[in-house]
file final-v6.cif (mmCIF, C-alpha atoms and all ligand atoms)
data_upload
loop_
_atom_site.label_atom_id
_atom_site.label_comp_id
_atom_site.auth_asym_id
_atom_site.auth_seq_id
_atom_site.Cartn_x
_atom_site.Cartn_y
_atom_site.Cartn_z
CA MET A 23 11.17 -10.79 4.19
CA LYS A 24 10.15 -8.76 1.17
CA ALA A 25 7.04 -6.59 1.48
CA ILE A 26 5.24 -3.79 -0.32
CA VAL A 27 5.78 -0.83 1.98
CA VAL A 28 4.06 2.56 2.16
CA HIS A 29 4.43 5.61 4.41
CA PRO A 30 0.98 7.22 4.71
CA PRO A 31 0.04 10.04 4.49
CA LYS A 32 3.03 10.35 2.11
CA PRO A 33 2.38 8.97 -1.38
CA GLY A 34 4.59 6.31 -2.96
CA LEU A 35 5.54 2.68 -2.37
CA SER A 36 8.60 0.43 -2.32
CA LEU A 37 9.40 -3.26 -2.35
CA SER A 38 11.53 -3.47 0.83
CA ASP A 39 12.89 -5.90 3.40
CA VAL A 40 10.94 -5.79 6.65
CA ASN A 41 11.09 -7.52 10.00
CA ILE A 42 7.69 -8.20 11.59
CA ASN A 43 7.28 -10.42 14.63
CA SER A 44 3.80 -11.75 15.26
CA ASP A 45 2.27 -14.83 16.86
CA GLY A 46 0.24 -17.53 15.21
CA ALA A 47 0.60 -20.08 12.47
CA ARG A 48 2.90 -19.26 9.58
CA ILE A 49 1.20 -18.66 6.23
CA LYS A 50 3.02 -18.28 2.94
CA ILE A 51 1.32 -15.61 0.87
CA LEU A 52 0.61 -16.76 -2.68
CA GLU A 53 -1.13 -13.67 -4.03
CA ASN A 54 -2.76 -10.35 -3.15
CA GLY A 55 -5.62 -8.47 -4.74
CA ILE A 56 -5.46 -4.73 -5.36
CA CYS A 57 -8.43 -2.51 -4.54
CA GLY A 58 -9.25 1.19 -4.68
CA THR A 59 -8.35 1.61 -1.00
CA ASP A 60 -4.76 0.45 -1.71
CA ARG A 61 -4.46 2.99 -4.51
CA GLU A 62 -5.81 5.79 -2.33
CA ILE A 63 -3.07 4.97 0.20
CA VAL A 64 -0.37 4.79 -2.49
CA ASN A 65 -1.53 8.16 -3.84
CA GLY A 66 -1.61 9.73 -0.36
CA GLU A 67 -5.38 10.29 -0.49
CA LEU A 68 -6.72 8.16 2.37
CA SER A 69 -6.76 10.12 5.62
CA ALA A 70 -7.62 6.98 7.64
CA ALA A 71 -4.28 5.34 6.72
CA SER A 72 -1.29 5.57 9.09
CA GLU A 73 2.18 4.08 9.67
CA LEU A 74 2.81 1.63 12.50
CA ASN A 75 6.47 1.94 13.49
CA GLY A 76 7.76 4.15 10.75
CA PHE A 77 6.21 2.15 7.91
CA LEU A 78 3.12 0.22 6.84
CA VAL A 79 2.91 -2.99 4.84
CA LEU A 80 0.11 -2.51 2.31
CA GLY A 81 -2.62 -5.00 1.39
CA HIS A 82 -5.84 -6.43 2.78
CA GLU A 83 -6.76 -9.00 0.12
CA ALA A 84 -4.64 -12.15 0.40
CA LEU A 85 -4.61 -15.82 -0.43
CA GLY A 86 -2.05 -17.95 1.40
CA ILE A 87 -1.08 -21.50 2.24
CA LEU A 88 -0.80 -22.71 5.83
CA GLU A 89 2.65 -24.00 6.69
CA GLU A 90 1.64 -25.76 9.93
CA ASN A 91 -1.37 -27.47 11.49
CA THR A 92 -3.70 -25.47 13.73
CA GLU A 93 -6.56 -26.80 15.85
CA HIS A 94 -9.07 -26.88 12.97
CA LEU A 95 -6.93 -26.31 9.87
CA LYS A 96 -4.18 -28.39 8.29
CA LYS A 97 -0.76 -27.66 6.86
CA GLY A 98 -1.24 -27.13 3.12
CA ASP A 99 -4.75 -25.64 3.45
CA LEU A 100 -5.44 -22.56 1.37
CA VAL A 101 -6.54 -19.71 3.65
CA MET A 102 -7.65 -16.09 3.52
CA PRO A 103 -7.05 -13.72 6.47
CA ILE A 104 -9.80 -11.38 7.72
CA ASN A 105 -8.72 -7.78 7.20
CA ARG A 106 -10.44 -5.91 10.04
CA ARG A 107 -9.78 -6.83 13.70
CA GLY A 108 -11.53 -5.70 16.87
CA CYS A 109 -10.72 -2.99 19.39
CA GLY A 110 -10.73 -5.57 22.21
CA LYS A 111 -13.05 -3.35 24.23
CA CYS A 112 -16.56 -3.21 22.79
CA LEU A 113 -19.09 -6.02 22.73
CA ASN A 114 -19.42 -6.17 18.93
CA CYS A 115 -15.66 -6.61 18.56
CA MET A 116 -15.50 -9.20 21.33
CA LEU A 117 -18.26 -11.18 19.61
CA GLY A 118 -16.49 -11.27 16.26
CA ARG A 119 -18.23 -8.29 14.64
CA PRO A 120 -15.65 -5.49 14.46
CA ASP A 121 -17.49 -4.31 11.32
CA PHE A 122 -19.77 -2.72 13.94
CA CYS A 123 -17.01 -1.59 16.35
CA GLU A 124 -18.45 0.92 18.78
CA THR A 125 -15.25 2.64 19.89
CA GLY A 126 -13.85 3.29 16.41
CA MET A 127 -10.56 1.77 17.63
CA GLN A 128 -10.69 -1.25 15.30
CA VAL A 129 -7.58 -1.97 13.22
CA GLU A 130 -7.42 -2.78 9.52
CA ALA A 131 -4.65 -4.70 7.78
CA GLY A 132 -2.67 -2.50 5.43
CA ILE A 133 -4.67 0.60 6.39
CA SER A 134 -4.27 1.46 10.06
CA GLY A 135 -3.08 -0.21 13.26
CA MET A 136 -2.00 -3.45 11.57
CA HIS A 137 0.50 -4.37 8.89
CA GLY A 138 -1.06 -5.58 5.66
CA PHE A 139 -0.71 -8.80 3.74
CA MET A 140 1.43 -7.76 0.75
CA ARG A 141 4.49 -9.66 2.00
CA GLU A 142 6.07 -13.08 1.72
CA TYR A 143 4.69 -14.44 5.00
CA ILE A 144 2.21 -13.60 7.72
CA ASN A 145 1.62 -15.26 11.08
CA ASP A 146 -1.96 -15.42 12.22
CA ASP A 147 -4.38 -16.99 14.66
CA GLU A 148 -6.78 -19.43 13.03
CA ARG A 149 -9.77 -17.51 14.35
CA TYR A 150 -8.94 -14.87 11.73
CA LEU A 151 -8.54 -17.36 8.89
CA VAL A 152 -11.12 -18.65 6.44
CA LYS A 153 -10.45 -21.91 4.60
CA VAL A 154 -10.45 -21.50 0.83
CA PRO A 155 -11.80 -24.41 -1.25
CA ASN A 156 -9.18 -25.51 -3.81
CA ILE A 157 -11.74 -25.49 -6.64
CA ILE A 158 -11.96 -21.67 -6.52
CA LYS A 159 -8.23 -21.02 -6.08
CA ASP A 160 -8.14 -18.95 -9.30
CA ILE A 161 -10.87 -16.48 -8.22
CA ALA A 162 -10.73 -16.81 -4.41
CA ILE A 163 -9.10 -13.39 -4.07
CA MET A 164 -12.57 -11.94 -4.85
CA ALA A 165 -13.81 -13.33 -1.52
CA GLN A 166 -12.48 -10.36 0.47
CA PRO A 167 -14.38 -7.62 -1.39
CA LEU A 168 -17.31 -10.04 -1.75
CA ALA A 169 -17.37 -10.48 2.05
CA ASP A 170 -18.04 -6.72 2.36
CA ILE A 171 -20.94 -7.14 -0.08
CA GLU A 172 -22.35 -10.26 1.61
CA LYS A 173 -22.47 -8.23 4.81
CA SER A 174 -24.11 -5.31 2.98
CA VAL A 175 -26.88 -7.43 1.45
CA GLU A 176 -27.49 -9.14 4.80
CA GLU A 177 -27.80 -5.66 6.30
CA ILE A 178 -30.23 -4.45 3.63
CA ILE A 179 -32.48 -7.47 4.21
CA ASN A 180 -32.27 -7.05 7.99
CA ILE A 181 -33.12 -3.35 7.83
CA GLN A 182 -36.02 -3.94 5.43
CA LYS A 183 -37.54 -6.35 7.94
CA ARG A 184 -39.05 -3.10 9.26
CA LEU A 185 -41.86 -3.75 6.72
CA TYR A 186 -43.41 -6.67 4.81
CA TRP A 187 -40.77 -6.71 2.12
CA PRO A 188 -40.79 -10.09 0.31
CA CYS A 189 -43.10 -10.42 -2.70
CA TYR A 190 -46.29 -12.48 -3.17
CA ASP A 191 -44.22 -15.54 -4.08
CA GLY A 192 -42.16 -15.16 -0.90
CA THR A 193 -39.01 -14.11 -2.80
CA TYR A 194 -37.58 -10.69 -3.76
CA SER A 195 -38.58 -11.05 -7.43
CA CYS A 196 -40.71 -7.87 -7.37
CA ARG A 197 -37.97 -5.69 -5.85
CA ASP A 198 -35.92 -3.49 -8.17
CA VAL A 199 -32.35 -2.50 -7.32
CA LEU A 200 -30.25 0.16 -9.03
CA ILE A 201 -26.47 -0.07 -8.68
CA THR A 202 -24.54 3.05 -9.67
CA GLY A 203 -21.03 2.10 -10.84
CA THR A 204 -19.92 -0.92 -12.86
CA GLY A 205 -16.52 -1.63 -11.27
CA THR A 206 -15.57 -4.71 -9.23
CA ILE A 207 -17.88 -3.73 -6.39
CA GLY A 208 -20.84 -2.96 -8.66
CA ILE A 209 -20.47 -6.28 -10.47
CA LEU A 210 -20.17 -8.30 -7.24
CA PHE A 211 -23.25 -6.54 -5.84
CA ALA A 212 -25.16 -7.35 -9.03
CA MET A 213 -24.16 -11.03 -8.93
CA LEU A 214 -25.11 -11.40 -5.29
CA LEU A 215 -28.41 -9.54 -5.58
CA ARG A 216 -29.33 -11.68 -8.61
CA THR A 217 -28.49 -14.76 -6.53
CA TYR A 218 -30.91 -13.47 -3.87
CA GLY A 219 -33.56 -13.09 -6.60
CA PHE A 220 -33.75 -9.29 -6.97
CA ASN A 221 -34.26 -7.46 -10.30
CA VAL A 222 -31.00 -5.65 -10.90
CA TYR A 223 -30.27 -2.51 -12.94
CA MET A 224 -26.73 -1.21 -13.27
CA SER A 225 -25.69 2.24 -14.41
CA ASN A 226 -22.69 4.24 -15.51
CA LYS A 227 -22.29 7.51 -17.35
CA ARG A 228 -21.37 5.82 -20.65
CA GLU A 229 -22.24 2.84 -22.81
CA PRO A 230 -21.11 -0.53 -21.38
CA THR A 231 -17.81 -1.96 -22.61
CA GLU A 232 -17.88 -5.21 -24.57
CA MET A 233 -16.81 -7.15 -21.50
CA GLU A 234 -19.45 -5.47 -19.31
CA ALA A 235 -22.15 -6.23 -21.89
CA LYS A 236 -21.20 -9.94 -21.77
CA ILE A 237 -21.32 -9.93 -17.99
CA PHE A 238 -24.68 -8.12 -17.80
CA ASP A 239 -26.09 -10.59 -20.28
CA GLU A 240 -24.85 -13.67 -18.40
CA ILE A 241 -25.98 -12.51 -14.95
CA SER A 242 -29.21 -11.01 -16.39
CA VAL A 243 -29.02 -7.39 -15.33
CA ASN A 244 -30.40 -4.34 -17.13
CA TYR A 245 -28.22 -1.34 -17.91
CA TYR A 246 -28.72 2.44 -17.89
CA ASN A 247 -26.44 4.97 -19.47
CA THR A 248 -27.01 7.88 -17.05
CA SER A 249 -26.36 10.50 -19.69
CA ASN A 250 -30.02 9.71 -20.45
CA ARG A 251 -32.68 10.22 -17.80
CA ILE A 252 -33.59 7.17 -15.71
CA ASP A 253 -37.39 6.93 -15.93
CA LYS A 254 -37.90 4.26 -13.31
CA SER A 255 -38.05 4.07 -9.52
CA PHE A 256 -36.35 1.54 -7.27
CA ASP A 257 -36.74 -0.25 -3.95
CA VAL A 258 -33.00 -0.19 -3.33
CA ILE A 259 -30.21 1.98 -4.69
CA ILE A 260 -26.57 1.15 -4.05
CA GLU A 261 -23.90 3.74 -4.73
CA ALA A 262 -20.90 1.67 -5.82
CA SER A 263 -19.07 4.13 -8.05
CA GLY A 264 -17.33 5.93 -5.18
CA SER A 265 -16.84 8.82 -7.56
CA SER A 266 -18.75 11.93 -6.56
CA ALA A 267 -21.31 12.78 -3.90
CA GLU A 268 -23.49 14.24 -6.62
CA VAL A 269 -24.34 10.73 -7.84
CA ILE A 270 -26.27 10.32 -4.58
CA GLU A 271 -28.01 13.66 -4.94
CA LYS A 272 -29.15 12.70 -8.44
CA THR A 273 -30.39 9.19 -7.63
CA LEU A 274 -31.94 9.63 -4.17
CA PRO A 275 -35.23 10.97 -5.68
CA LEU A 276 -35.54 7.69 -7.65
CA LEU A 277 -36.35 5.68 -4.51
CA LYS A 278 -39.85 4.30 -4.02
CA ASN A 279 -41.73 4.42 -0.73
CA ASN A 280 -39.85 2.56 2.05
CA GLY A 281 -36.76 2.57 -0.14
CA PHE A 282 -33.22 1.78 0.99
CA TYR A 283 -30.21 3.81 -0.11
CA GLY A 284 -26.86 2.10 0.54
CA ILE A 285 -23.60 4.00 0.23
CA PHE A 286 -20.61 1.75 -0.38
CA GLY A 287 -17.14 3.13 -0.91
CA PHE A 288 -15.90 6.63 -0.36
CA ALA A 289 -16.96 9.50 -2.62
CA LYS A 290 -13.84 11.29 -3.82
CA SER A 291 -15.40 14.69 -4.45
CA GLY A 292 -18.53 16.78 -4.51
CA ALA A 293 -21.20 17.51 -1.95
CA LEU A 294 -24.58 16.07 -1.16
CA ASN A 295 -27.09 18.90 -0.95
CA ILE A 296 -30.37 17.79 0.53
CA ASP A 297 -32.80 20.66 0.16
CA SER A 298 -36.01 20.84 2.21
CA LYS A 299 -38.07 19.37 -0.65
CA LEU A 300 -35.85 16.26 -0.86
CA LEU A 301 -35.64 16.06 2.92
CA GLN A 302 -39.42 16.10 3.21
CA SER A 303 -39.72 13.34 0.64
CA ILE A 304 -37.18 11.20 2.53
CA VAL A 305 -39.38 11.46 5.60
CA TYR A 306 -42.66 11.11 3.74
CA LYS A 307 -41.43 8.04 1.86
CA SER A 308 -39.87 6.41 4.97
CA ILE A 309 -36.49 6.20 3.29
CA THR A 310 -33.41 4.69 4.94
CA ILE A 311 -29.87 5.78 4.08
CA THR A 312 -27.09 3.51 5.34
CA GLY A 313 -23.31 3.36 5.01
CA LEU A 314 -22.17 -0.13 4.02
CA ILE A 315 -18.71 -1.35 5.02
CA ASN A 316 -16.59 -4.36 5.93
CA GLY A 317 -17.64 -7.99 6.01
CA GLN A 318 -16.42 -10.38 8.69
CA LYS A 319 -15.72 -14.10 8.99
CA PRO A 320 -19.29 -15.38 8.42
CA HIS A 321 -19.52 -13.18 5.33
CA MET A 322 -16.19 -14.35 3.95
CA GLU A 323 -17.33 -17.94 4.41
CA MET A 324 -20.54 -17.18 2.48
CA ALA A 325 -18.44 -15.47 -0.17
CA MET A 326 -16.47 -18.71 -0.71
CA ASN A 327 -19.75 -20.61 -1.21
CA HIS A 328 -21.08 -18.07 -3.69
CA LEU A 329 -17.83 -18.13 -5.68
CA ILE A 330 -18.14 -21.93 -5.97
CA GLN A 331 -21.75 -21.53 -7.16
CA TRP A 332 -20.93 -18.73 -9.62
CA LYS A 333 -18.06 -20.65 -11.21
CA HIS A 334 -20.77 -23.02 -12.48
CA GLU A 335 -23.66 -20.60 -12.90
CA PHE A 336 -21.75 -17.66 -14.42
CA PRO A 337 -18.72 -19.30 -16.08
CA LYS A 338 -18.05 -16.43 -18.52
CA THR A 339 -18.17 -13.75 -15.85
CA THR A 340 -16.03 -15.65 -13.35
CA SER A 341 -13.44 -16.44 -16.01
CA MET A 342 -13.19 -12.72 -16.92
CA MET A 343 -12.81 -11.44 -13.36
CA ILE A 344 -9.04 -11.61 -13.03
CA THR A 345 -7.91 -9.12 -15.62
CA GLU A 346 -4.15 -9.14 -14.85
CA LYS A 347 -1.56 -11.03 -12.78
CA VAL A 348 1.60 -9.12 -11.91
CA PRO A 349 4.63 -10.98 -10.52
CA VAL A 350 6.04 -9.04 -7.57
CA SER A 351 9.45 -9.08 -9.30
CA ASN A 352 8.07 -6.78 -12.02
CA GLU A 353 8.57 -3.59 -10.00
CA LYS A 354 7.74 -1.24 -12.85
CA ARG A 355 4.34 -2.82 -13.50
CA LEU A 356 3.76 -3.20 -9.75
CA ASN A 357 4.12 0.56 -9.33
CA GLU A 358 1.74 1.20 -12.21
CA VAL A 359 -1.05 -1.14 -11.14
CA LEU A 360 -0.85 0.05 -7.53
CA SER A 361 -1.17 3.71 -8.52
CA LYS A 362 -3.89 3.69 -11.11
CA LYS A 363 -6.93 1.70 -12.21
CA GLU A 364 -6.79 1.02 -15.92
CA PRO A 365 -9.84 0.82 -18.22
CA GLY A 366 -11.30 -2.67 -18.45
CA GLU A 367 -9.85 -3.79 -15.14
CA ILE A 368 -11.90 -5.96 -12.79
CA LYS A 369 -9.31 -7.47 -10.44
CA VAL A 370 -5.53 -7.29 -10.62
CA LYS A 371 -3.55 -9.84 -8.62
CA ILE A 372 0.02 -9.60 -7.37
CA LEU A 373 1.80 -12.98 -7.42
CA TRP A 374 4.53 -13.82 -4.87
C1 LIG B 1 -12.12 -3.11 2.49
C2 LIG B 1 -13.04 -3.13 3.70
C3 LIG B 1 -12.57 -2.09 4.68
C4 LIG B 1 -12.60 -0.74 3.97
C5 LIG B 1 -12.28 0.46 4.83
C6 LIG B 1 -12.11 -1.73 1.88
O1 LIG B 1 -11.25 -1.65 0.81
O2 LIG B 1 -12.50 -4.07 1.54
O3 LIG B 1 -13.12 -4.42 4.27
O4 LIG B 1 -13.35 -2.09 5.86
O5 LIG B 1 -11.75 -0.77 2.84
O6 LIG B 1 -11.00 0.59 5.23
ZN ZN B 2 -10.51 -3.27 -0.34
ZN ZN B 3 -14.78 -2.35 18.99
#
call {"tool": "encode", "arguments": {"input": "final-v6.cif", "output": "structure tokens"}}
result
Amino acid sequence: MKAIVVHPPKPGLSLSDVNINSDGARIKILENGICGTDREIVNGELSAASELNGFLVLGHEALGILEENTEHLKKGDLVMPINRRGCGKCLNCMLGRPDFCETGMQVEAGISGMHGFMREYINDDERYLVKVPNIIKDIAIMAQPLADIEKSVEEIINIQKRLYWPCYDGTYSCRDVLITGTGTIGILFAMLLRTYGFNVYMSNKREPTEMEAKIFDEISVNYYNTSNRIDKSFDVIIEASGSSAEVIEKTLPLLKNNGFYGIFGFAKSGALNIDSKLLQSIVYKSITITGLINGQKPHMEMAMNHLIQWKHEFPKTTSMMITEKVPVSNEKRLNEVLSKKEPGEIKVKILW
């Protein structure tokens, strides 16, 4: 079958014929989403990526159609495969939570230890499949990155149970969140945190684009251009720009007492210098800093529900999310979209 093949750590990609034997029900892949991780692999920048037997099929965001019945799913069902699988050794992995693998020997589709989903077919066990409601077929590809974010918000709320955190009305309406970065991840975080009732502020180092301004208006978030000083403090800050470690250094002092700093995505450059003054304030203010990564099956199921809700609640935003669809036969464009993020992009899909 045809597949998008890479050879990490070498840069580059090709559309090649591959032979992969695996057990489980056969699923025809309809489309894949492209994310920053895929581009880091294509550009030879992700040290965690490795070949399996001389090659690696790329891709961890996929929507497919089941070609046979399984115990709980039916032929013709739309499905999405989970991208991270367990090490088979630790308790978290054995209980379906390889996002908290303790051995570090988990595998990730299209990254390491497991071929990805950018190919004509996959075979998979139904325990790794989430049913996709037909009504969100057009935006369902967002459910994989959204699963990571569902898990992150669940984690923030769990960690903040260390104090009395809800507000006088029992909700999170008095809690202010700053999200640095306005890409796909930043926008999904903003939508989910609004859905949970938080006050959300987004930031980037420029004025918002026209499309961003429409989105911020519809989902009711405030915006900061960080070339001006931010004169406000926050209960939660989420680093979702993945650009430079310095973003963290600049924003960490903006946290209130008992604040939570979540780092999502991988900084590409810079260093985080925590001097003794900042270190003392982290301790004095009881601040928590946590890395946020990888959602699992319960989170992907929640993501499907939120996408259904948002299609009705945020119709403009959800209709703007898919910014390009590239047929796999268009090899020139395929190479371009897999190497570089273009301005204005939210999510690019590859169609099989
Ligand atoms: C995926 C995560 C994954 C992470 C690290 C991201 O692009 O969405 O689920 O755990 O990469 O490899
Ligand atoms: Zn990804
Ligand atoms: Zn494990």
call {"tool": "residues_around", "arguments": {"input": "final-v6.cif", "residues": "Ser308 (chain A)", "least_positions_apart": "6", "cutoff": "10 Å", "atoms": "only C-alpha atoms", "output": "list in words"}}
result
Lys278, Asn279, Asn280, Gly281, Phe282 and Gln302 of chain A
call {"tool": "residues_around", "arguments": {"input": "final-v6.cif", "residues": "Met136 (chain A)", "least_positions_apart": "3", "cutoff": "9 Å", "atoms": "only C-alpha atoms", "output": "count of residues only"}}
result
11
call {"tool": "closest_residue", "arguments": {"input": "final-v6.cif", "among": "A:Glu358, A:Ser44, A:Lys371, A:Glu234", "to": "Lys338 (chain A)", "atoms": "only C-alpha atoms"}}
result
A:Glu234
call {"tool": "axis_aligned_box", "arguments": {"input": "final-v6.cif", "around": "region 58-67 of chain A", "padding_each_side": "8 Å", "output": "AutoDock Vina command-line options"}}
result
--center_x -4.8 --center_y 5.4 --center_z -2.2 --size_x 24.9 --size_y 25.8 --size_z 20.9
call {"tool": "residues_near_ligand", "arguments": {"input": "final-v6.cif", "ligand": "ligand ZN 2 (chain B)", "cutoff": "6 Å", "atoms": "all atoms listed in the file", "output": "count of residues only"}}
result
3
call {"tool": "atom_distance", "arguments": {"input": "final-v6.cif", "atom1": "CA of Leu168 (chain A)", "atom2": "CA of Asp99 (chain A)"}}
result
20.7 Å
call {"tool": "closest_residue", "arguments": {"input": "final-v6.cif", "among": "A:Tyr306, A:Tyr246, A:Tyr190, A:Phe211", "to": "Asp170 (chain A)", "atoms": "only C-alpha atoms"}}
result
A:Phe211
